[in-house]
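Asker: What follows is target-v3.cif, mmCIF, C-alpha atoms.
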data_run
#
loop_
_atom_site.label_atom_id
_atom_site.label_comp_id
_atom_site.auth_asym_id
_atom_site.auth_seq_id
_atom_site.Cartn_x
_atom_site.Cartn_y
_atom_site.Cartn_z
CA MET A 1335 33.38 -126.08 -5.22
CA ASP A 1336 33.38 -127.49 -1.69
CA PRO A 1337 36.80 -126.99 0.01
CA ALA A 1338 36.79 -130.55 1.38
CA ASP A 1339 36.11 -131.96 -2.08
CA LEU A 1340 38.84 -129.80 -3.56
CA ALA A 1341 41.35 -130.94 -0.95
CA LYS A 1342 40.42 -134.59 -1.49
CA TRP A 1343 40.78 -134.18 -5.24
CA TRP A 1344 44.26 -132.68 -4.88
CA LEU A 1345 45.29 -135.49 -2.54
CA ASP A 1346 44.01 -138.06 -5.01
CA GLY A 1347 45.98 -136.32 -7.74
CA MET A 1348 49.13 -136.37 -5.61
CA ALA A 1349 48.67 -140.07 -4.91
CA LEU A 1350 48.29 -140.70 -8.62
CA ALA A 1351 51.44 -138.69 -9.31
CA ALA A 1352 53.36 -140.71 -6.73
CA SER A 1353 52.36 -143.92 -8.50
CA ALA A 1354 53.61 -142.69 -11.89
CA PRO A 1355 57.19 -143.13 -13.12
CA ALA A 1356 59.43 -140.23 -12.16
CA SER A 1357 60.28 -139.57 -15.80
CA SER A 1358 56.64 -139.24 -16.84
CA ASP A 1359 53.97 -136.65 -16.18
CA LEU A 1360 55.44 -134.39 -13.51
CA LYS A 1361 58.93 -134.13 -14.95
CA VAL A 1362 57.61 -133.57 -18.44
CA ILE A 1363 55.22 -130.86 -17.24
CA GLY A 1364 58.08 -129.13 -15.41
CA LEU A 1365 60.45 -129.26 -18.39
CA ILE A 1366 57.92 -128.00 -20.89
CA GLY A 1367 56.64 -125.31 -18.53
CA THR A 1368 60.21 -124.10 -18.04
CA GLY A 1369 60.78 -124.01 -21.78
CA HIS A 1370 57.62 -121.93 -22.16
CA PHE A 1371 59.04 -119.58 -19.52
CA ALA A 1372 61.94 -118.90 -21.90
CA SER A 1373 59.63 -118.19 -24.83
CA HIS A 1374 57.62 -115.57 -22.94
CA PHE A 1375 60.69 -114.19 -21.20
CA TYR A 1376 62.07 -113.18 -24.59
CA HIS A 1377 58.75 -111.60 -25.59
CA LEU A 1378 59.36 -108.81 -23.07
CA VAL A 1379 63.13 -108.43 -23.11
CA LEU A 1380 63.18 -105.59 -25.63
CA PRO A 1381 60.25 -103.30 -24.60
CA PRO A 1382 61.69 -102.29 -21.19
CA LEU A 1383 64.89 -101.27 -22.99
CA PHE A 1384 63.10 -99.07 -25.54
CA PRO A 1385 63.75 -95.79 -23.66
CA LEU A 1386 67.49 -96.53 -23.63
CA LEU A 1387 67.51 -97.67 -27.25
CA ARG A 1388 65.60 -94.55 -28.27
CA THR A 1389 68.19 -92.32 -26.61
CA GLU A 1390 71.37 -94.15 -27.63
CA LEU A 1391 70.38 -95.30 -31.12
CA GLY A 1392 68.20 -92.33 -32.08
CA ALA A 1393 65.21 -94.51 -32.99
CA SER A 1394 61.62 -93.31 -32.79
CA TRP A 1395 58.90 -95.05 -30.79
CA ALA A 1396 57.35 -96.29 -34.03
CA GLU A 1397 60.69 -97.75 -35.17
CA LEU A 1398 61.16 -99.47 -31.84
CA GLY A 1399 57.62 -100.81 -32.00
CA LEU A 1400 58.54 -102.20 -35.42
CA LEU A 1401 61.10 -104.48 -33.73
CA SER A 1402 58.30 -106.12 -31.75
CA SER A 1403 56.14 -106.27 -34.86
CA VAL A 1404 58.91 -108.00 -36.85
CA PHE A 1405 59.46 -110.50 -34.03
CA PHE A 1406 55.78 -111.46 -33.81
CA ALA A 1407 55.24 -111.36 -37.56
CA ALA A 1408 58.07 -113.85 -38.09
CA SER A 1409 56.78 -116.00 -35.26
CA GLY A 1410 53.24 -115.94 -36.60
CA LEU A 1411 54.22 -116.73 -40.18
CA CYS A 1412 56.46 -119.59 -39.10
CA GLN A 1413 54.27 -121.13 -36.42
CA ALA A 1414 52.14 -123.19 -38.79
CA PRO A 1415 55.21 -124.45 -40.72
CA ALA A 1416 56.80 -125.24 -37.35
CA GLY A 1417 53.77 -127.40 -36.60
CA PHE A 1418 54.43 -129.38 -39.78
CA LEU A 1419 58.06 -129.85 -38.74
CA VAL A 1420 56.94 -131.00 -35.29
CA ASP A 1421 54.71 -133.69 -36.78
CA ARG A 1422 57.32 -134.66 -39.38
CA PHE A 1423 60.55 -134.76 -37.37
CA GLY A 1424 59.46 -134.96 -33.73
CA ALA A 1425 58.51 -132.23 -31.27
CA HIS A 1426 61.60 -132.59 -29.06
CA ARG A 1427 64.02 -131.89 -31.91
CA ILE A 1428 62.16 -128.82 -33.15
CA LEU A 1429 61.73 -127.45 -29.61
CA ILE A 1430 65.46 -127.63 -28.90
CA LEU A 1431 66.40 -126.03 -32.24
CA GLY A 1432 63.88 -123.23 -31.79
CA LEU A 1433 65.01 -122.38 -28.26
CA ALA A 1434 68.63 -122.29 -29.42
CA LEU A 1435 67.83 -119.90 -32.28
CA LEU A 1436 65.73 -117.64 -30.06
CA THR A 1437 68.32 -117.45 -27.30
CA VAL A 1438 71.31 -116.79 -29.55
CA SER A 1439 69.45 -114.14 -31.58
CA ILE A 1440 68.51 -112.16 -28.47
CA GLY A 1441 72.05 -112.35 -27.14
CA LEU A 1442 73.55 -111.14 -30.43
CA MET A 1443 71.36 -108.05 -30.30
CA GLY A 1444 73.62 -106.75 -27.57
CA LEU A 1445 76.52 -106.67 -30.03
CA MET A 1446 74.81 -104.79 -32.86
CA PRO A 1447 75.95 -101.24 -33.76
CA GLY A 1448 72.59 -99.68 -34.61
CA TRP A 1449 68.81 -100.01 -34.72
CA THR A 1450 68.58 -101.36 -38.26
CA ALA A 1451 70.91 -104.25 -37.40
CA LEU A 1452 68.43 -105.39 -34.76
CA ILE A 1453 65.69 -106.03 -37.34
CA PRO A 1454 67.05 -109.27 -38.88
CA LEU A 1455 67.86 -110.60 -35.42
CA ALA A 1456 64.31 -109.82 -34.30
CA ALA A 1457 63.09 -111.86 -37.28
CA LEU A 1458 65.38 -114.79 -36.41
CA ALA A 1459 64.26 -114.65 -32.79
CA GLY A 1460 60.64 -114.73 -33.96
CA ILE A 1461 61.35 -117.82 -36.06
CA GLY A 1462 62.83 -119.51 -32.99
CA ASN A 1463 59.82 -118.50 -30.92
CA SER A 1464 57.43 -120.06 -33.44
CA VAL A 1465 58.15 -123.64 -32.34
CA PHE A 1466 56.99 -123.52 -28.73
CA HIS A 1467 53.24 -123.91 -28.98
CA PRO A 1468 53.14 -126.74 -31.54
CA ALA A 1469 56.05 -128.58 -29.92
CA ASP A 1470 54.98 -128.05 -26.30
CA TYR A 1471 51.41 -129.15 -26.77
CA ALA A 1472 52.40 -132.13 -28.88
CA ILE A 1473 54.71 -133.32 -26.10
CA LEU A 1474 52.23 -132.68 -23.30
CA GLY A 1475 49.46 -134.36 -25.25
CA LYS A 1476 51.49 -137.57 -25.62
CA ARG A 1477 53.48 -137.69 -22.36
CA VAL A 1478 50.88 -136.57 -19.79
CA ARG A 1479 47.87 -138.60 -18.62
CA PRO A 1480 44.51 -137.23 -19.81
CA GLU A 1481 43.18 -136.77 -16.26
CA ARG A 1482 45.99 -134.29 -15.57
CA MET A 1483 45.84 -132.44 -18.86
CA GLY A 1484 44.08 -129.32 -17.55
CA ARG A 1485 46.68 -128.91 -14.82
CA ALA A 1486 49.48 -129.62 -17.29
CA PHE A 1487 48.21 -126.84 -19.53
CA SER A 1488 47.85 -124.52 -16.55
CA VAL A 1489 51.48 -125.10 -15.52
CA HIS A 1490 52.52 -124.50 -19.12
CA THR A 1491 50.68 -121.17 -19.17
CA ILE A 1492 51.95 -120.17 -15.73
CA GLY A 1493 55.49 -120.82 -16.92
CA GLY A 1494 54.95 -118.38 -19.76
CA THR A 1495 53.29 -115.85 -17.46
CA LEU A 1496 56.23 -115.97 -15.07
CA GLY A 1497 58.53 -115.42 -18.02
CA TRP A 1498 56.61 -112.22 -18.83
CA ALA A 1499 56.88 -111.14 -15.19
CA ALA A 1500 60.60 -111.89 -14.91
CA ALA A 1501 61.86 -110.27 -18.11
CA PRO A 1502 61.23 -106.56 -17.34
CA VAL A 1503 62.79 -106.86 -13.89
CA PHE A 1504 65.77 -108.87 -15.15
CA VAL A 1505 66.72 -106.61 -18.06
CA THR A 1506 65.97 -103.39 -16.21
CA LEU A 1507 68.29 -104.31 -13.35
CA LEU A 1508 71.08 -105.26 -15.77
CA ALA A 1509 70.56 -102.20 -17.94
CA THR A 1510 70.54 -99.85 -14.96
CA SER A 1511 73.89 -101.17 -13.77
CA PHE A 1512 75.67 -102.12 -17.00
CA GLY A 1513 73.77 -100.72 -19.98
CA TRP A 1514 71.38 -102.19 -22.53
CA ARG A 1515 74.00 -104.21 -24.38
CA ILE A 1516 74.98 -106.20 -21.29
CA ALA A 1517 71.29 -106.57 -20.48
CA LEU A 1518 70.66 -108.30 -23.82
CA LEU A 1519 73.76 -110.47 -23.54
CA GLY A 1520 72.77 -111.40 -20.01
CA ALA A 1521 69.24 -112.21 -21.17
CA ALA A 1522 70.69 -115.10 -23.17
CA VAL A 1523 71.87 -116.86 -20.01
CA PRO A 1524 68.46 -118.16 -18.80
CA GLY A 1525 67.75 -119.54 -22.28
CA LEU A 1526 71.07 -121.35 -22.42
CA LEU A 1527 70.47 -122.91 -19.00
CA ILE A 1528 67.00 -124.11 -20.01
CA LEU A 1529 68.39 -125.40 -23.30
CA ALA A 1530 70.94 -127.46 -21.37
CA ALA A 1531 68.17 -128.91 -19.18
CA LEU A 1532 66.14 -129.95 -22.23
CA LEU A 1533 69.16 -131.55 -23.88
CA ALA A 1534 69.93 -133.49 -20.70
CA SER A 1535 66.33 -134.72 -20.53
CA ARG A 1536 65.68 -135.62 -24.17
CA PRO A 1537 64.36 -139.13 -23.38
CA ASP A 1538 61.64 -137.61 -21.19
CA ILE A 1539 60.29 -135.30 -23.91
CA THR A 1540 60.74 -137.52 -26.97
CA ILE A 1541 57.50 -138.50 -28.69
CA PRO A 1542 56.67 -140.31 -31.96
CA THR A 1543 56.26 -138.30 -35.14
CA GLY A 1544 52.74 -137.56 -36.34
CA HIS A 1545 52.89 -140.33 -38.94
CA GLU A 1546 53.99 -142.84 -36.30
CA GLN A 1547 51.17 -141.76 -33.98
CA ALA A 1548 48.53 -142.13 -36.68
CA ARG A 1549 49.88 -145.52 -37.73
CA ALA A 1550 50.01 -146.78 -34.13
CA SER A 1551 46.42 -145.62 -33.57
CA GLY A 1552 45.20 -147.26 -36.76
CA VAL A 1553 43.75 -143.92 -37.89
CA ALA A 1554 43.49 -143.25 -41.59
CA ALA A 1555 44.01 -139.82 -43.12
CA GLN A 1556 41.23 -137.48 -42.01
CA GLY A 1557 40.53 -135.39 -45.07
CA SER A 1558 42.71 -132.81 -46.74
CA LEU A 1559 45.12 -130.59 -44.88
CA LEU A 1560 43.20 -127.44 -45.83
CA GLY A 1561 39.98 -129.10 -44.75
CA THR A 1562 41.53 -129.83 -41.37
CA LEU A 1563 43.06 -126.42 -40.70
CA PHE A 1564 40.25 -124.35 -42.16
CA GLY A 1565 37.41 -126.21 -40.52
CA ARG A 1566 35.17 -124.02 -38.38
CA ALA A 1567 36.55 -125.20 -35.03
CA ILE A 1568 40.25 -124.70 -35.82
CA LEU A 1569 39.68 -121.48 -37.75
CA GLY A 1570 37.71 -120.26 -34.75
CA CYS A 1571 40.66 -121.09 -32.50
CA PHE A 1572 42.91 -119.02 -34.76
CA LEU A 1573 40.55 -116.04 -34.53
CA PHE A 1574 40.23 -116.46 -30.75
CA PHE A 1575 43.99 -116.23 -30.29
CA ALA A 1576 44.25 -113.19 -32.55
CA LEU A 1577 41.65 -111.35 -30.46
CA GLN A 1578 43.26 -112.37 -27.19
CA SER A 1579 46.65 -111.21 -28.44
CA ILE A 1580 45.29 -107.75 -29.21
CA ALA A 1581 43.94 -107.47 -25.67
CA MET A 1582 47.12 -108.80 -24.05
CA ILE A 1583 49.43 -106.51 -26.02
CA ALA A 1584 47.35 -103.50 -24.99
CA LEU A 1585 47.33 -104.52 -21.32
CA GLN A 1586 50.78 -106.00 -20.79
CA GLY A 1587 52.86 -103.98 -23.20
CA PHE A 1588 51.28 -100.53 -22.93
CA LEU A 1589 49.32 -100.41 -19.67
CA PRO A 1590 51.86 -98.15 -17.88
CA ALA A 1591 51.80 -95.53 -20.64
CA THR A 1592 48.01 -95.84 -20.91
CA LEU A 1593 47.43 -95.29 -17.19
CA VAL A 1594 49.88 -92.39 -17.03
CA GLN A 1595 48.01 -90.58 -19.83
CA LEU A 1596 44.52 -91.55 -18.72
CA HIS A 1597 44.64 -91.18 -14.93
CA ASP A 1598 47.89 -89.19 -14.51
CA VAL A 1599 49.29 -91.84 -12.17
CA PRO A 1600 53.02 -92.16 -11.42
CA LEU A 1601 54.91 -94.41 -13.81
CA VAL A 1602 55.82 -96.72 -10.94
CA LEU A 1603 52.11 -97.36 -10.31
CA GLY A 1604 51.56 -98.11 -13.98
CA THR A 1605 54.42 -100.60 -13.96
CA THR A 1606 53.07 -102.14 -10.76
CA ALA A 1607 49.70 -102.55 -12.47
CA VAL A 1608 51.31 -104.69 -15.19
CA THR A 1609 52.99 -106.89 -12.59
CA THR A 1610 49.69 -107.16 -10.71
CA PHE A 1611 47.87 -108.19 -13.89
CA ILE A 1612 50.48 -110.85 -14.70
CA LEU A 1613 50.55 -112.29 -11.18
CA GLY A 1614 46.74 -112.31 -11.09
CA SER A 1615 46.80 -114.17 -14.39
CA ALA A 1616 49.17 -116.78 -12.97
CA VAL A 1617 46.92 -117.40 -9.96
CA GLY A 1618 43.84 -117.56 -12.16
CA THR A 1619 45.53 -120.02 -14.50
CA GLY A 1620 46.27 -122.39 -11.63
CA ILE A 1621 42.64 -122.29 -10.53
CA GLY A 1622 41.52 -122.66 -14.14
CA GLY A 1623 43.53 -125.86 -14.47
CA LEU A 1624 41.70 -127.37 -11.51
CA LEU A 1625 38.32 -126.39 -12.92
CA ALA A 1626 39.15 -127.58 -16.42
CA ASP A 1627 40.04 -131.07 -15.18
CA ARG A 1628 36.74 -131.30 -13.30
CA SER A 1629 34.41 -129.76 -15.85
CA GLY A 1630 33.38 -130.78 -19.34
CA ARG A 1631 32.04 -127.28 -20.14
CA GLN A 1632 35.05 -125.28 -21.21
CA ASP A 1633 32.73 -122.91 -23.08
CA TRP A 1634 31.02 -121.71 -19.88
CA LEU A 1635 34.29 -121.43 -17.97
CA MET A 1636 35.81 -119.35 -20.72
CA SER A 1637 32.76 -117.15 -21.25
CA GLY A 1638 32.47 -116.30 -17.56
CA GLY A 1639 36.15 -115.50 -17.10
CA LEU A 1640 36.41 -113.41 -20.25
CA ALA A 1641 33.27 -111.43 -19.39
CA ILE A 1642 34.55 -110.59 -15.91
CA GLY A 1643 37.93 -109.57 -17.34
CA ALA A 1644 36.39 -107.29 -19.99
CA ILE A 1645 34.13 -105.57 -17.44
CA CYS A 1646 37.10 -104.88 -15.16
CA ILE A 1647 39.07 -103.44 -18.07
CA LEU A 1648 36.23 -101.07 -18.94
CA ALA A 1649 35.94 -100.04 -15.29
CA VAL A 1650 39.62 -99.06 -15.30
CA GLY A 1651 39.04 -97.01 -18.44
CA PHE A 1652 35.91 -95.12 -17.38
CA LEU A 1653 35.72 -94.89 -13.58
CA PRO A 1654 37.62 -92.53 -11.26
CA LEU A 1655 39.71 -94.89 -9.11
CA ASN A 1656 42.09 -94.64 -6.21
CA ASP A 1657 45.36 -96.54 -6.43
CA GLY A 1658 44.18 -99.55 -4.43
CA THR A 1659 40.96 -99.99 -6.40
CA LEU A 1660 42.84 -99.64 -9.68
CA LEU A 1661 45.27 -102.41 -8.76
CA ALA A 1662 42.46 -104.61 -7.45
CA LEU A 1663 40.51 -104.32 -10.72
CA VAL A 1664 43.63 -105.10 -12.74
CA ALA A 1665 44.35 -108.14 -10.56
CA VAL A 1666 40.79 -109.46 -10.94
CA ALA A 1667 40.95 -108.93 -14.71
CA GLY A 1668 44.21 -110.87 -14.89
CA ALA A 1669 42.89 -113.71 -12.72
CA ALA A 1670 39.61 -113.98 -14.62
CA VAL A 1671 41.22 -114.10 -18.05
CA GLY A 1672 44.01 -116.37 -16.80
CA ALA A 1673 41.47 -118.88 -15.50
CA THR A 1674 40.25 -119.44 -19.07
CA THR A 1675 43.59 -120.52 -20.57
CA PRO A 1676 43.62 -124.25 -19.62
CA SER A 1677 40.08 -124.65 -20.99
CA ARG A 1678 41.17 -122.79 -24.12
CA ASP A 1679 44.03 -125.21 -24.69
CA LEU A 1680 41.81 -128.22 -24.08
CA MET A 1681 39.44 -126.94 -26.75
CA VAL A 1682 42.26 -126.70 -29.30
CA ARG A 1683 43.51 -130.16 -28.36
CA ALA A 1684 40.03 -131.59 -28.85
CA ALA A 1685 39.93 -130.19 -32.39
CA ALA A 1686 43.22 -131.83 -33.44
CA PRO A 1687 43.04 -135.12 -35.40
CA VAL A 1688 45.43 -137.90 -34.36
CA GLY A 1689 48.91 -137.22 -35.71
CA SER A 1690 48.17 -133.57 -36.50
CA THR A 1691 48.61 -131.96 -33.09
CA GLY A 1692 51.64 -129.94 -34.18
CA LYS A 1693 49.93 -128.62 -37.30
CA VAL A 1694 46.73 -127.68 -35.47
CA PHE A 1695 48.40 -125.98 -32.53
CA GLY A 1696 50.89 -124.26 -34.83
CA PHE A 1697 48.13 -122.88 -37.03
CA ALA A 1698 45.76 -121.93 -34.21
CA TYR A 1699 48.42 -120.25 -32.09
CA SER A 1700 49.76 -118.27 -35.02
CA GLY A 1701 46.71 -116.12 -34.35
CA LEU A 1702 48.54 -114.82 -31.28
CA ASP A 1703 51.33 -113.52 -33.46
CA LEU A 1704 48.94 -112.07 -36.01
CA GLY A 1705 47.37 -109.95 -33.30
CA ALA A 1706 50.74 -109.05 -31.84
CA THR A 1707 51.98 -107.92 -35.25
CA PHE A 1708 49.38 -105.15 -35.61
CA ALA A 1709 48.46 -104.32 -32.02
CA PRO A 1710 51.67 -102.51 -30.92
CA THR A 1711 51.53 -100.06 -33.82
CA LEU A 1712 47.79 -99.45 -33.35
CA VAL A 1713 48.16 -98.87 -29.62
CA GLY A 1714 51.13 -96.59 -30.24
CA LEU A 1715 49.06 -94.50 -32.66
CA LEU A 1716 46.25 -94.18 -30.11
CA LEU A 1717 48.68 -93.03 -27.44
CA ASP A 1718 50.39 -90.61 -29.83
CA ARG A 1719 46.95 -89.08 -30.52
CA GLY A 1720 46.22 -88.74 -26.80
CA GLN A 1721 43.45 -91.36 -26.70
CA PRO A 1722 44.50 -93.77 -23.93
CA GLN A 1723 40.88 -94.60 -23.06
CA LEU A 1724 40.44 -96.16 -26.50
CA VAL A 1725 43.35 -98.51 -25.76
CA LEU A 1726 41.35 -100.05 -22.91
CA VAL A 1727 38.15 -100.04 -24.96
CA MET A 1728 39.97 -101.93 -27.71
CA ALA A 1729 41.19 -104.52 -25.19
CA ALA A 1730 37.70 -104.97 -23.73
CA VAL A 1731 36.00 -105.25 -27.12
CA ALA A 1732 38.54 -107.86 -28.25
CA THR A 1733 37.84 -109.81 -25.05
CA PHE A 1734 34.06 -109.66 -25.51
CA LEU A 1735 34.43 -110.81 -29.13
CA SER A 1736 36.48 -113.75 -27.86
CA ILE A 1737 33.38 -114.98 -26.02
CA LEU A 1738 31.42 -115.08 -29.27
CA VAL A 1739 34.21 -117.01 -30.95
CA THR A 1740 34.26 -119.48 -28.04
CA TRP A 1741 30.65 -120.38 -28.77
CA LEU A 1742 31.43 -120.62 -32.47
CA ILE A 1743 34.10 -123.21 -31.67
CA THR A 1744 31.77 -125.09 -29.35
CA SER A 1745 28.95 -125.13 -31.88
CA ALA A 1746 31.28 -126.86 -34.34
CA GLY A 1747 30.68 -129.94 -32.19
CA ARG A 1748 34.31 -131.02 -31.87
CA VAL A 1749 34.98 -130.04 -28.27
CA LYS A 1750 35.32 -133.01 -25.91
CA PRO A 1751 35.19 -132.94 -22.11
CA ALA A 1752 38.37 -132.19 -20.19
CA GLY A 1753 40.54 -135.21 -19.88
CA ALA A 1754 39.20 -136.85 -23.01
CA ALA A 1755 41.82 -138.59 -25.06
#
Is it possible to give me this structure as structure tokens?

Answerer:
Amino acid sequence: MDPADLAKWWLDGMALAASAPASSDLKVIGLIGTGHFASHFYHLVLPPLFPLLRTELGASWAELGLLSSVFFAASGLCQAPAGFLVDRFGAHRILILGLALLTVSIGLMGLMPGWTALIPLAALAGIGNSVFHPADYAILGKRVRPERMGRAFSVHTIGGTLGWAAAPVFVTLLATSFGWRIALLGAAVPGLLILAALLASRPDITIPTGHEQARASGVAAQGSLLGTLFGRAILGCFLFFALQSIAMIALQGFLPATLVQLHDVPLVLGTTAVTTFILGSAVGTGIGGLLADRSGRQDWLMSGGLAIGAICILAVGFLPLNDGTLLALVAVAGAAVGATTPSRDLMVRAAAPVGSTGKVFGFAYSGLDLGATFAPTLVGLLLDRGQPQLVLVMAAVATFLSILVTWLITSAGRVKPAGAA
């Protein structure tokens, strides 16, 4: 891409934004991206506290991993039903209710007397987390102009990525000074602030229900519900997210422990590698949004980025590396995979019939939670058996398989160019 063309395109986009009402595109993108920050922030609130919980509550690593599994299992099981609620009652209502449930459940964990009492709260938090993808994408799809959709999706993903990056630092600082209970109570504060912002901006994120959208578009019912959700394109999206979740859990949740066992690096370097991966992913997502809005070939963008990411992951697992090279490979892997996410979301949007955006995104994205339900336990078993290299192999294989699924989705013939309505 020529730098002059890129600069001109950004300036044209800024001019278009300036001509739009203040309450439309840009404000909506910011609000929804911030809400997605909260969702991903709460994904990684508990894992950094596991060493403290293990000591003070006497729980094993497997039992602590079960908390994450319960959270993601509840989220995955409820994500498709949440999509139905989004289409039935309106995305803004379901988004606000879900964020409230997630935030309060996490905060209450700080008051619980033992490990077993955390399990039902983890389930409730997972139910609250289930609403974000169907509600967010339904709102963005209706309130943002098609020519900005790739960038809207990139901001949405970056918001979640920053939530992942912020959570370990936030809870670790609080726990170091005040203990894990105060850390969990304090973790509720960002969610409450974001909830207040969404409540104050309800008119900006309110969209018609799915039935109202279909009626306004003059679109008749498009086949049975099962035929819609279990068509090849949408089922492929579900499988894609499950595979990506396996890779992301291995890299973001367990990379420090994996690198310590595999390369005998200091724990601080392993933790830095996670931060590097996440920040690289955020940068790559921003670039991916630009490319997705300019290109109608999401399949090629995704295949290239995923292939580069998988190769870098294998290099980390099999090559002797100094610290700088290790971090550089992790950063490139994060950026390459991150660059695929706006194109990924555009592909799911293209597969959704009018009035069914919530259902389709809810079902497809529940694949993330399916992968996250099984991956932590599997990775933990590999580490317990002293096989950290297989953790990285698993992540790379899941990423390579995602490329095959991308072409399966494309071959279904339902993917439209970026920016298509």

Asker: How would you write, as a PDB file with C-alpha atoms, in the coordinates of the input, the residues chosen by the PyMOL selection byres ((chain A and resi 1384) around 12) on this structure?

Answerer:
ATOM      1  CA  LEU A1378      59.360-108.810 -23.070  1.00  0.00           C
ATOM      2  CA  VAL A1379      63.130-108.430 -23.110  1.00  0.00           C
ATOM      3  CA  LEU A1380      63.180-105.590 -25.630  1.00  0.00           C
ATOM      4  CA  PRO A1381      60.250-103.300 -24.600  1.00  0.00           C
ATOM      5  CA  PRO A1382      61.690-102.290 -21.190  1.00  0.00           C
ATOM      6  CA  LEU A1383      64.890-101.270 -22.990  1.00  0.00           C
ATOM      7  CA  PRO A1385      63.750 -95.790 -23.660  1.00  0.00           C
ATOM      8  CA  LEU A1386      67.490 -96.530 -23.630  1.00  0.00           C
ATOM      9  CA  LEU A1387      67.510 -97.670 -27.250  1.00  0.00           C
ATOM     10  CA  ARG A1388      65.600 -94.550 -28.270  1.00  0.00           C
ATOM     11  CA  THR A1389      68.190 -92.320 -26.610  1.00  0.00           C
ATOM     12  CA  GLU A1390      71.370 -94.150 -27.630  1.00  0.00           C
ATOM     13  CA  LEU A1391      70.380 -95.300 -31.120  1.00  0.00           C
ATOM     14  CA  GLY A1392      68.200 -92.330 -32.080  1.00  0.00           C
ATOM     15  CA  ALA A1393      65.210 -94.510 -32.990  1.00  0.00           C
ATOM     16  CA  SER A1394      61.620 -93.310 -32.790  1.00  0.00           C
ATOM     17  CA  TRP A1395      58.900 -95.050 -30.790  1.00  0.00           C
ATOM     18  CA  ALA A1396      57.350 -96.290 -34.030  1.00  0.00           C
ATOM     19  CA  GLU A1397      60.690 -97.750 -35.170  1.00  0.00           C
ATOM     20  CA  LEU A1398      61.160 -99.470 -31.840  1.00  0.00           C
ATOM     21  CA  GLY A1399      57.620-100.810 -32.000  1.00  0.00           C
ATOM     22  CA  LEU A1400      58.540-102.200 -35.420  1.00  0.00           C
ATOM     23  CA  LEU A1401      61.100-104.480 -33.730  1.00  0.00           C
ATOM     24  CA  SER A1402      58.300-106.120 -31.750  1.00  0.00           C
ATOM     25  CA  TRP A1449      68.810-100.010 -34.720  1.00  0.00           C
ATOM     26  CA  PRO A1502      61.230-106.560 -17.340  1.00  0.00           C
ATOM     27  CA  VAL A1505      66.720-106.610 -18.060  1.00  0.00           C
ATOM     28  CA  THR A1506      65.970-103.390 -16.210  1.00  0.00           C
ATOM     29  CA  ALA A1509      70.560-102.200 -17.940  1.00  0.00           C
ATOM     30  CA  TRP A1514      71.380-102.190 -22.530  1.00  0.00           C
ATOM     31  CA  GLY A1587      52.860-103.980 -23.200  1.00  0.00           C
TER      32      GLY A1587
END

Asker: For the file shown, what are the residues hit by the PyMOL selection byres ((chain A and resi 1491) around 8), laid out as a PyMOL selection string?

Answerer: chain A and resi 1367+1370+1487-1490+1492-1495+1616+1619+1675-1676

Asker: Taking a cut-off of 12 Å and counting only C-alpha atoms, can you build a table that, for each residue of range 1678-1744 of chain A near range 1655-1671 of chain A, reports the nearest atom pair and how far apart they are in Å (one decimal), sorted by chain then residue number, as a tab-separated table?

Answerer:
residue	atom	partner	partner_atom	distance
A:Arg1678	CA	A:Val1671	CA	10.6
A:Leu1726	CA	A:Val1664	CA	11.6
A:Ala1729	CA	A:Ala1667	CA	11.4
A:Ala1730	CA	A:Ala1667	CA	10.4
A:Thr1733	CA	A:Val1671	CA	8.9
A:Phe1734	CA	A:Val1671	CA	11.3
A:Ser1736	CA	A:Val1671	CA	10.9
A:Ile1737	CA	A:Val1671	CA	11.2

Asker: Translate the PyMOL selection byres ((chain A and resi 1458) around 9), as applied to the file shown, into an explicit residue set as a ChimeraX atom specification.

Answerer: /A:1405,1408-1409,1435-1436,1439-1440,1453-1457,1459-1463

Asker: Taking only C-alpha atoms into account, which of A:Thr1609, A:Thr1744, A:Ser1464, A:Ser1511 comes nearest Cys1412 in chain A?

Answerer: A:Ser1464

Asker: Could the residues of range 1642-1755 of chain A that have an atom at most 6 Å from range 1562-1583 of chain A be listed as JSON lines, each with its closest atom pair and the distance in Å to one decimal, counting all atoms listed in the file and ordered by chain and ascending residue number?

Answerer:
{"residue": "A:Ala1698", "atom": "CA", "partner": "A:Phe1572", "partner_atom": "CA", "distance": 4.1}
{"residue": "A:Gly1701", "atom": "CA", "partner": "A:Ala1576", "partner_atom": "CA", "distance": 4.2}
{"residue": "A:Leu1702", "atom": "CA", "partner": "A:Ala1576", "partner_atom": "CA", "distance": 4.8}
{"residue": "A:Leu1704", "atom": "CA", "partner": "A:Ala1576", "partner_atom": "CA", "distance": 5.9}
{"residue": "A:Gly1705", "atom": "CA", "partner": "A:Ala1576", "partner_atom": "CA", "distance": 4.6}
{"residue": "A:Ala1706", "atom": "CA", "partner": "A:Ser1579", "partner_atom": "CA", "distance": 5.7}
{"residue": "A:Ala1709", "atom": "CA", "partner": "A:Ile1580", "partner_atom": "CA", "distance": 5.5}
{"residue": "A:Ala1729", "atom": "CA", "partner": "A:Ala1581", "partner_atom": "CA", "distance": 4.1}
{"residue": "A:Ala1732", "atom": "CA", "partner": "A:Leu1577", "partner_atom": "CA", "distance": 5.2}
{"residue": "A:Ser1736", "atom": "CA", "partner": "A:Phe1574", "partner_atom": "CA", "distance": 5.5}
{"residue": "A:Ile1743", "atom": "CA", "partner": "A:Ala1567", "partner_atom": "CA", "distance": 4.6}
{"residue": "A:Ala1746", "atom": "CA", "partner": "A:Ala1567", "partner_atom": "CA", "distance": 5.6}

Asker: Find, counting all atoms listed in the file, the residue in A:Val1694, A:Val1599, A:Val1478, A:Leu1648 that gets nearest to Val1362 in chain A.

Answerer: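 When distances to Val1362 in chain A are compared using all atoms listed in the file, the smallest one comes from A:Val1478.
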